[in-house]
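> Once you've had a glance at the structure underneath, I'll fire off some questions.
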Amino acid sequence: MPPSRRTEAGYLRVPRRLVAPAPAPKPGSENLRRYLQTAYLPSISRNDSSHPYFLPRRGRRSHKNRLRVQKDPERHIDQIRQHDPKAFNKAARLYNIHHIYGRDARPFAGKHYENRDGEALVLPTHYEVHSEGTFDNIPYPSSIEETCQWLTDRPFKTMQRAMHLAFPDTTRWWLDEAEPLPGAEARANGALWRTYLWRFHPDEHQETWWRDTPESTSGAKTEPAPRNSMVFIVQPPWILALQDMNNLAKCTSLPSLPDDDVPPESRLNCSQRVWANLLDTCKHHDCQDFVLTTYHGWMFGSFSKDWTSARISEKRDFDVAKPNVMQSLVYWIACSMGLVGAEHPVEPPVETEREVPYAEASVPAAGTPV
(Lines give C-alpha, C1' and ligand atoms only; values in the text may rest on other atoms or scores of the structure.)
Protein backbone atom coordinates (compact mmCIF):
# COMPACT_ATOMS: atom_id res chain seq x y z
CA MET A 1 0.00 0.00 0.00
CA PRO A 2 1.30 3.47 -0.84
CA PRO A 3 1.97 5.72 2.17
CA SER A 4 -0.60 8.31 3.36
CA ARG A 5 -0.15 11.93 4.27
CA ARG A 6 -2.65 13.89 6.38
CA THR A 7 -3.84 17.26 5.04
CA GLU A 8 -6.58 19.74 6.06
CA ALA A 9 -9.02 18.04 3.68
CA GLY A 10 -8.27 14.56 4.97
CA TYR A 11 -5.83 11.82 3.97
CA LEU A 12 -4.15 11.89 0.59
CA ARG A 13 -2.60 8.85 -1.02
CA VAL A 14 1.00 9.54 -1.99
CA PRO A 15 2.45 7.17 -4.62
CA ARG A 16 5.82 5.69 -3.95
CA ARG A 17 8.65 7.14 -5.99
CA LEU A 18 10.06 4.74 -8.49
CA VAL A 19 13.80 4.51 -7.93
CA ALA A 20 15.78 3.33 -10.91
CA PRO A 21 18.11 0.46 -10.08
CA ALA A 22 21.81 1.28 -10.00
CA PRO A 23 23.60 0.41 -13.23
CA ALA A 24 25.64 -2.76 -13.19
CA PRO A 25 29.37 -2.11 -12.83
CA LYS A 26 31.34 -2.39 -16.03
CA PRO A 27 34.60 -4.27 -16.35
CA GLY A 28 37.72 -2.22 -15.91
CA SER A 29 38.86 -3.01 -19.44
CA GLU A 30 35.89 -1.00 -20.80
CA ASN A 31 37.39 2.18 -19.33
CA LEU A 32 40.99 1.48 -18.50
CA ARG A 33 41.84 5.07 -17.69
CA ARG A 34 39.13 5.23 -15.04
CA TYR A 35 40.08 1.83 -13.67
CA LEU A 36 43.71 2.86 -13.19
CA GLN A 37 42.62 6.10 -11.54
CA THR A 38 40.46 4.31 -8.97
CA ALA A 39 42.34 1.02 -8.43
CA TYR A 40 43.91 0.70 -4.99
CA LEU A 41 46.20 -1.66 -3.15
CA PRO A 42 44.57 -3.16 -0.03
CA SER A 43 46.50 -2.91 3.19
CA ILE A 44 48.42 -5.91 4.49
CA SER A 45 49.71 -4.19 7.61
CA ARG A 46 50.25 -6.26 10.71
CA ASN A 47 49.87 -4.67 14.14
CA ASP A 48 50.58 -7.78 16.18
CA SER A 49 53.94 -7.23 17.87
CA SER A 50 54.15 -10.97 18.63
CA HIS A 51 54.45 -11.73 14.91
CA PRO A 52 58.08 -12.47 14.00
CA TYR A 53 57.88 -10.00 11.10
CA PHE A 54 56.22 -7.10 12.89
CA LEU A 55 56.54 -3.91 10.85
CA PRO A 56 58.55 -1.07 12.42
CA ARG A 57 56.60 2.02 13.34
CA ARG A 58 56.69 5.05 11.09
CA GLY A 59 59.89 6.96 11.61
CA ARG A 60 61.75 3.85 12.80
CA ARG A 61 64.34 1.90 10.87
CA SER A 62 64.29 -1.88 10.74
CA HIS A 63 68.04 -2.54 11.30
CA LYS A 64 67.54 -5.91 9.55
CA ASN A 65 68.64 -5.04 6.03
CA ARG A 66 72.01 -6.78 6.23
CA LEU A 67 72.69 -6.91 2.50
CA ARG A 68 76.01 -8.28 1.28
CA VAL A 69 77.88 -6.24 -1.33
CA GLN A 70 80.12 -7.60 -4.07
CA LYS A 71 83.66 -6.30 -4.33
CA ASP A 72 84.04 -3.84 -7.17
CA PRO A 73 86.58 -1.00 -6.76
CA GLU A 74 85.24 0.70 -9.90
CA ARG A 75 81.66 0.95 -8.61
CA HIS A 76 80.65 4.45 -7.59
CA ILE A 77 77.78 6.91 -8.00
CA ASP A 78 78.96 10.49 -8.00
CA GLN A 79 75.54 12.10 -7.71
CA ILE A 80 72.14 10.88 -6.55
CA ARG A 81 69.30 13.36 -6.89
CA GLN A 82 65.65 13.10 -5.98
CA HIS A 83 62.92 13.59 -8.56
CA ASP A 84 60.88 16.69 -7.99
CA PRO A 85 57.57 15.32 -6.61
CA LYS A 86 55.43 17.86 -8.46
CA ALA A 87 57.16 17.14 -11.79
CA PHE A 88 56.85 13.37 -11.33
CA ASN A 89 53.17 13.53 -10.33
CA LYS A 90 52.30 15.85 -13.20
CA ALA A 91 54.10 13.72 -15.79
CA ALA A 92 52.44 10.50 -14.57
CA ARG A 93 48.95 12.03 -14.48
CA LEU A 94 49.24 13.63 -17.92
CA TYR A 95 50.54 10.43 -19.48
CA ASN A 96 47.58 8.44 -18.17
CA ILE A 97 45.15 11.10 -19.35
CA HIS A 98 46.52 11.37 -22.89
CA HIS A 99 47.72 7.83 -23.62
CA ILE A 100 45.42 5.45 -21.69
CA TYR A 101 42.07 4.93 -23.38
CA GLY A 102 38.84 5.90 -21.64
CA ARG A 103 35.16 5.15 -22.06
CA ASP A 104 34.78 6.81 -25.47
CA ALA A 105 38.07 5.76 -27.04
CA ARG A 106 38.29 2.00 -26.98
CA PRO A 107 40.88 1.05 -29.57
CA PHE A 108 39.99 -2.57 -30.25
CA ALA A 109 37.19 -5.11 -30.43
CA GLY A 110 35.69 -7.03 -27.55
CA LYS A 111 37.74 -10.17 -28.12
CA HIS A 112 40.84 -8.30 -26.97
CA TYR A 113 39.28 -7.83 -23.54
CA GLU A 114 39.27 -11.54 -22.84
CA ASN A 115 41.77 -12.74 -20.27
CA ARG A 116 44.80 -14.30 -21.85
CA ASP A 117 47.37 -16.43 -20.06
CA GLY A 118 45.75 -15.78 -16.70
CA GLU A 119 46.04 -11.99 -16.97
CA ALA A 120 43.42 -9.93 -15.17
CA LEU A 121 42.76 -6.54 -13.61
CA VAL A 122 42.50 -7.95 -10.12
CA LEU A 123 42.86 -4.87 -7.92
CA PRO A 124 39.61 -3.49 -6.46
CA THR A 125 38.40 0.03 -7.30
CA HIS A 126 36.39 2.84 -5.74
CA TYR A 127 34.18 3.48 -8.78
CA GLU A 128 31.57 1.90 -11.06
CA VAL A 129 34.17 -0.29 -12.76
CA HIS A 130 35.09 -3.66 -11.32
CA SER A 131 38.05 -5.98 -11.53
CA GLU A 132 38.23 -9.05 -13.75
CA GLY A 133 39.30 -11.42 -11.00
CA THR A 134 38.76 -12.13 -7.34
CA PHE A 135 40.82 -10.68 -4.55
CA ASP A 136 40.99 -13.56 -2.11
CA ASN A 137 42.36 -12.90 1.35
CA ILE A 138 45.62 -14.67 2.07
CA PRO A 139 47.63 -14.70 5.30
CA TYR A 140 49.97 -11.87 6.07
CA PRO A 141 53.29 -12.58 4.31
CA SER A 142 55.90 -14.04 6.61
CA SER A 143 58.71 -14.55 4.08
CA ILE A 144 60.07 -12.92 0.97
CA GLU A 145 58.43 -15.66 -1.12
CA GLU A 146 54.99 -14.75 0.23
CA THR A 147 55.73 -11.04 -0.24
CA CYS A 148 56.60 -11.70 -3.88
CA GLN A 149 53.40 -13.74 -4.21
CA TRP A 150 51.36 -10.78 -2.95
CA LEU A 151 53.00 -8.54 -5.53
CA THR A 152 52.90 -10.88 -8.53
CA ASP A 153 49.29 -11.94 -7.98
CA ARG A 154 47.96 -8.43 -7.48
CA PRO A 155 49.72 -5.21 -8.57
CA PHE A 156 52.14 -6.87 -11.00
CA LYS A 157 49.43 -8.93 -12.67
CA THR A 158 47.20 -5.86 -12.96
CA MET A 159 50.09 -3.80 -14.33
CA GLN A 160 50.88 -6.39 -17.01
CA ARG A 161 47.22 -6.67 -18.03
CA ALA A 162 46.88 -2.88 -18.23
CA MET A 163 49.98 -2.54 -20.43
CA HIS A 164 48.70 -5.19 -22.85
CA LEU A 165 45.26 -3.58 -23.02
CA ALA A 166 46.54 -0.04 -23.52
CA PHE A 167 49.36 -0.97 -25.91
CA PRO A 168 48.62 -4.13 -27.93
CA ASP A 169 52.15 -4.09 -29.38
CA THR A 170 53.51 -4.97 -25.94
CA THR A 171 51.85 -8.39 -25.67
CA ARG A 172 55.26 -10.05 -26.05
CA TRP A 173 56.44 -8.24 -22.92
CA TRP A 174 55.80 -9.61 -19.46
CA LEU A 175 57.34 -9.82 -16.02
CA ASP A 176 59.80 -12.60 -15.22
CA GLU A 177 61.70 -13.41 -12.06
CA ALA A 178 65.42 -13.07 -12.69
CA GLU A 179 68.15 -15.36 -11.51
CA PRO A 180 70.41 -14.08 -8.71
CA LEU A 181 73.60 -12.35 -9.77
CA PRO A 182 76.73 -14.50 -9.87
CA GLY A 183 78.69 -14.52 -6.66
CA ALA A 184 78.33 -15.66 -3.08
CA GLU A 185 77.14 -12.22 -1.98
CA ALA A 186 74.07 -12.33 -4.22
CA ARG A 187 73.20 -15.85 -3.07
CA ALA A 188 73.49 -14.72 0.55
CA ASN A 189 70.93 -11.96 -0.16
CA GLY A 190 68.30 -14.47 -1.25
CA ALA A 191 66.07 -13.90 1.78
CA LEU A 192 66.34 -10.11 1.48
CA TRP A 193 66.37 -9.28 -2.23
CA ARG A 194 64.45 -10.54 -5.28
CA THR A 195 64.66 -9.26 -8.85
CA TYR A 196 62.04 -9.18 -11.61
CA LEU A 197 62.49 -8.03 -15.19
CA TRP A 198 60.06 -6.44 -17.61
CA ARG A 199 61.34 -8.44 -20.56
CA PHE A 200 60.63 -8.89 -24.26
CA HIS A 201 60.01 -12.48 -25.40
CA PRO A 202 60.54 -12.89 -29.15
CA ASP A 203 58.63 -15.38 -31.28
CA GLU A 204 58.56 -16.40 -34.92
CA HIS A 205 56.50 -13.33 -35.81
CA GLN A 206 58.44 -10.72 -33.87
CA GLU A 207 62.11 -11.25 -33.15
CA THR A 208 63.04 -7.66 -32.29
CA TRP A 209 61.26 -4.92 -30.41
CA TRP A 210 61.50 -1.50 -32.04
CA ARG A 211 60.90 1.76 -30.25
CA ASP A 212 60.54 5.37 -31.33
CA THR A 213 63.52 7.65 -31.04
CA PRO A 214 63.06 11.18 -29.64
CA GLU A 215 63.71 12.55 -33.14
CA SER A 216 60.97 10.38 -34.65
CA THR A 217 57.87 12.58 -34.59
CA SER A 218 55.97 10.61 -37.21
CA GLY A 219 55.70 7.51 -35.04
CA ALA A 220 58.04 5.43 -37.24
CA LYS A 221 59.91 2.78 -35.27
CA THR A 222 63.55 3.41 -36.02
CA GLU A 223 65.61 2.02 -33.14
CA PRO A 224 65.89 -1.53 -31.80
CA ALA A 225 65.33 -1.72 -28.06
CA PRO A 226 67.04 -4.06 -25.57
CA ARG A 227 65.33 -7.23 -24.43
CA ASN A 228 65.14 -6.03 -20.82
CA SER A 229 63.40 -2.75 -20.19
CA MET A 230 63.11 -2.32 -16.42
CA VAL A 231 64.20 -3.93 -13.15
CA PHE A 232 61.81 -4.52 -10.25
CA ILE A 233 63.42 -5.02 -6.86
CA VAL A 234 61.38 -6.56 -4.04
CA GLN A 235 62.33 -6.43 -0.38
CA PRO A 236 60.06 -7.46 2.51
CA PRO A 237 58.50 -4.54 4.42
CA TRP A 238 60.02 -5.69 7.71
CA ILE A 239 63.49 -5.64 6.11
CA LEU A 240 63.32 -2.30 4.27
CA ALA A 241 61.15 -0.11 6.50
CA LEU A 242 59.48 3.07 5.31
CA GLN A 243 62.05 5.18 7.14
CA ASP A 244 64.82 3.22 5.39
CA MET A 245 63.23 4.19 2.07
CA ASN A 246 63.15 7.84 3.13
CA ASN A 247 66.85 7.65 3.98
CA LEU A 248 67.51 5.98 0.64
CA ALA A 249 66.06 8.99 -1.21
CA LYS A 250 68.26 11.33 0.85
CA CYS A 251 71.48 9.49 0.00
CA THR A 252 73.59 11.73 -2.25
CA SER A 253 76.41 9.47 -3.47
CA LEU A 254 78.00 6.03 -3.34
CA PRO A 255 81.77 6.12 -2.76
CA SER A 256 84.22 3.78 -4.43
CA LEU A 257 85.95 1.35 -2.11
CA PRO A 258 89.55 0.09 -2.15
CA ASP A 259 90.28 -3.43 -3.32
CA ASP A 260 91.35 -5.05 -0.06
CA ASP A 261 90.25 -7.83 2.27
CA VAL A 262 87.73 -5.72 4.18
CA PRO A 263 84.11 -6.68 3.33
CA PRO A 264 82.50 -3.80 1.40
CA GLU A 265 79.30 -3.88 3.43
CA SER A 266 81.23 -3.07 6.61
CA ARG A 267 82.20 0.31 5.12
CA LEU A 268 78.76 1.26 3.84
CA ASN A 269 75.62 2.28 5.66
CA CYS A 270 72.21 0.73 4.96
CA SER A 271 71.25 3.16 2.17
CA GLN A 272 74.60 2.78 0.44
CA ARG A 273 74.36 -1.01 0.55
CA VAL A 274 70.96 -0.82 -1.15
CA TRP A 275 72.34 1.58 -3.79
CA ALA A 276 75.33 -0.71 -4.42
CA ASN A 277 73.05 -3.69 -5.04
CA LEU A 278 70.71 -1.57 -7.17
CA LEU A 279 73.62 -0.48 -9.35
CA ASP A 280 75.01 -4.01 -9.69
CA THR A 281 71.59 -5.46 -10.56
CA CYS A 282 70.63 -2.81 -13.12
CA LYS A 283 74.08 -2.83 -14.71
CA HIS A 284 74.08 -6.62 -14.97
CA HIS A 285 70.72 -6.64 -16.77
CA ASP A 286 71.49 -3.47 -18.78
CA CYS A 287 68.40 -1.65 -17.45
CA GLN A 288 68.69 1.99 -16.48
CA ASP A 289 65.18 2.25 -15.01
CA PHE A 290 64.10 0.45 -11.86
CA VAL A 291 61.32 0.16 -9.28
CA LEU A 292 62.04 -0.65 -5.66
CA THR A 293 59.07 -1.88 -3.63
CA THR A 294 58.11 -3.50 -0.35
CA TYR A 295 54.39 -3.33 -1.24
CA HIS A 296 53.98 -0.79 1.57
CA GLY A 297 56.38 1.62 -0.16
CA TRP A 298 57.27 2.27 -3.81
CA MET A 299 60.20 4.14 -5.34
CA PHE A 300 60.87 4.88 -9.03
CA GLY A 301 64.39 5.60 -10.21
CA SER A 302 66.85 5.53 -13.09
CA PHE A 303 70.58 5.57 -13.74
CA SER A 304 72.49 7.61 -16.28
CA LYS A 305 73.98 5.94 -19.34
CA ASP A 306 77.46 5.94 -17.84
CA TRP A 307 76.13 4.58 -14.48
CA THR A 308 77.73 7.40 -12.48
CA SER A 309 74.59 9.33 -11.50
CA ALA A 310 71.05 8.40 -10.52
CA ARG A 311 67.66 9.88 -9.80
CA ILE A 312 64.98 8.45 -7.56
CA SER A 313 61.51 9.48 -6.50
CA GLU A 314 60.41 10.07 -2.96
CA LYS A 315 58.94 7.13 -1.11
CA ARG A 316 55.33 6.64 -2.22
CA ASP A 317 52.94 4.80 0.10
CA PHE A 318 50.79 1.97 -1.25
CA ASP A 319 47.63 4.09 -0.78
CA VAL A 320 48.96 7.27 -2.41
CA ALA A 321 46.66 9.05 -4.87
CA LYS A 322 46.97 11.40 -7.88
CA PRO A 323 48.77 9.50 -9.21
CA ASN A 324 48.32 6.18 -7.47
CA VAL A 325 50.72 3.26 -7.65
CA MET A 326 49.16 1.71 -10.76
CA GLN A 327 49.28 4.97 -12.72
CA SER A 328 52.92 5.46 -11.73
CA LEU A 329 53.83 1.90 -12.74
CA VAL A 330 52.27 2.18 -16.19
CA TYR A 331 53.94 5.56 -16.74
CA TRP A 332 57.38 4.37 -15.61
CA ILE A 333 57.26 1.24 -17.75
CA ALA A 334 56.27 3.33 -20.76
CA CYS A 335 59.28 5.58 -20.10
CA SER A 336 61.64 2.61 -19.88
CA MET A 337 60.29 1.17 -23.16
CA GLY A 338 60.46 4.49 -24.99
CA LEU A 339 56.78 4.50 -25.93
CA VAL A 340 55.38 7.51 -27.74
CA GLY A 341 54.68 10.36 -25.33
CA ALA A 342 56.47 8.76 -22.39
CA GLU A 343 59.34 10.88 -21.11
CA HIS A 344 61.05 11.05 -17.77
CA PRO A 345 59.87 13.98 -15.64
CA VAL A 346 61.42 17.30 -16.52
CA GLU A 347 63.08 18.68 -13.44
CA PRO A 348 62.76 22.40 -12.70
CA PRO A 349 66.01 24.38 -12.93
CA VAL A 350 67.95 24.72 -9.74
CA GLU A 351 67.81 28.30 -8.54
CA THR A 352 71.18 29.69 -7.51
CA GLU A 353 71.95 33.03 -5.98
CA ARG A 354 73.53 35.47 -8.41
CA GLU A 355 76.87 36.80 -7.35
CA VAL A 356 76.73 40.59 -7.23
CA PRO A 357 79.95 42.26 -8.42
CA TYR A 358 81.61 44.54 -5.90
CA ALA A 359 81.24 47.63 -8.12
CA GLU A 360 77.49 47.00 -8.49
CA ALA A 361 77.01 46.29 -4.80
CA SER A 362 78.88 49.43 -3.73
CA VAL A 363 76.68 51.83 -5.72
CA PRO A 364 73.61 52.83 -3.61
CA ALA A 365 70.20 52.58 -5.24
CA ALA A 366 68.36 55.71 -6.32
CA GLY A 367 66.62 57.45 -3.46
CA THR A 368 68.69 55.73 -0.80
CA PRO A 369 70.02 58.18 1.79
CA VAL A 370 73.79 58.28 1.91
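Simple scheme: letters A, B, ... for chains in C-alpha coordinates order, numbers from 1 for residues in each chain, numbers from 1 for ligands in the order shown.
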Tell me, as number ranges by chain, which residues lie within 10 Å of Tyr295 (chain A), counting only C-alpha atoms; anything in the same chain fewer than 4 positions away does not count.

A: 41-44, 147-148, 150-151, 155, 234-237, 317-318, 325

> Give the answer as one residue: which of A:Gly190, A:Asp259, A:Asn89, A:Glu347 has the shortest atom-to-atom distance to Ala321 (chain A), using only C-alpha atoms?

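Result for the nearest residue to Ala321 (chain A): A:Asn89.
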
> Would you work out the distance separating CA of Asn247 (chain A) from CA of Arg75 (chain A), expressed in Å to one decimal?

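We find that CA of Asn247 (chain A) and CA of Arg75 (chain A) lie 20.6 Å from each other.
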
> Hey, which of A:Met299, A:Ile144, A:Ala178, A:Cys282 ends up closest to Leu197 (chain A)? Count only C-alpha atoms.

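Going through A:Met299, A:Ile144, A:Ala178, A:Cys282 one by one, the smallest distance to Leu197 (chain A) is for A:Ala178.
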
> Have a look at CA of Phe303 (chain A) and CA of Asp289 (chain A) and let me know their distance in Å, one decimal.

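Computing it gives 6.5 Å between the two atoms.
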
> My list of candidates is A:His126, A:Glu314, A:Ala249, A:Phe88. Which is closest to Val274 (chain A) when distances are computed with only C-alpha atoms?

A:Ala249
